[in-house]
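Engineer: Got a structure for you, written out below as structure tokens; questions coming shortly.
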Amino acid sequence: MSYMSRDSRLSGVLHILLHMAERQGPVTSEALAKIMQTNPVVIRRTLAGLRERGYVRSEKGHGAAG
């Protein structure tokens, strides 16, 4: 793994956490993706890692299956 890849991921994680901290309530991966100009799947994968480590919690959204 290159340093550029790790730095890029760290930047993404920090960006997500800062945007979440600015909100008073829950925020969707779609809203974060729009803010960060990326695909919601990228946000969801990042959030999954943060959730596994206990930094964030999540719940299924309105149209979620399962």
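By convention here, the chains of the structure tokens are called A, B, ... in the order presented, each chain's residues are numbered starting at 1, and ligands are numbered starting at 1 in the order presented.
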Give me the residues within 10 Å of segment 6-17 of chain A as a list in words, counting only C-alpha atoms and dropping any in the same chain fewer than 5 places off.

Structural biologist: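 Using only C-alpha atoms, the neighbours found are Met1, Glu22, Ser29, Leu32, Ala33, Ile35, Met36, Val42, Ile43, Thr46, Leu47, Gly49, Leu50, Tyr55 and Val56 of chain A.
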
Engineer: Write out as number ranges by chain the set of residues from chain A that DSSP, computed on the backbone, places in helix (DSSP H, G or I).

Structural biologist: A: 3-22, 29-36, 40-52

Engineer: Mind pulling up the distance from atom CA of Glu52 of chain A to atom CA of Leu18 of chain A?

Structural biologist: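 So the answer is 18.5 Å.
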
Engineer: Please report the interatomic distance between atom CA of Lys60 of chain A and atom CA of Arg44 of chain A in Å with one decimal.

Structural biologist: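 Distance reported for this atom pair: 11.5 Å.
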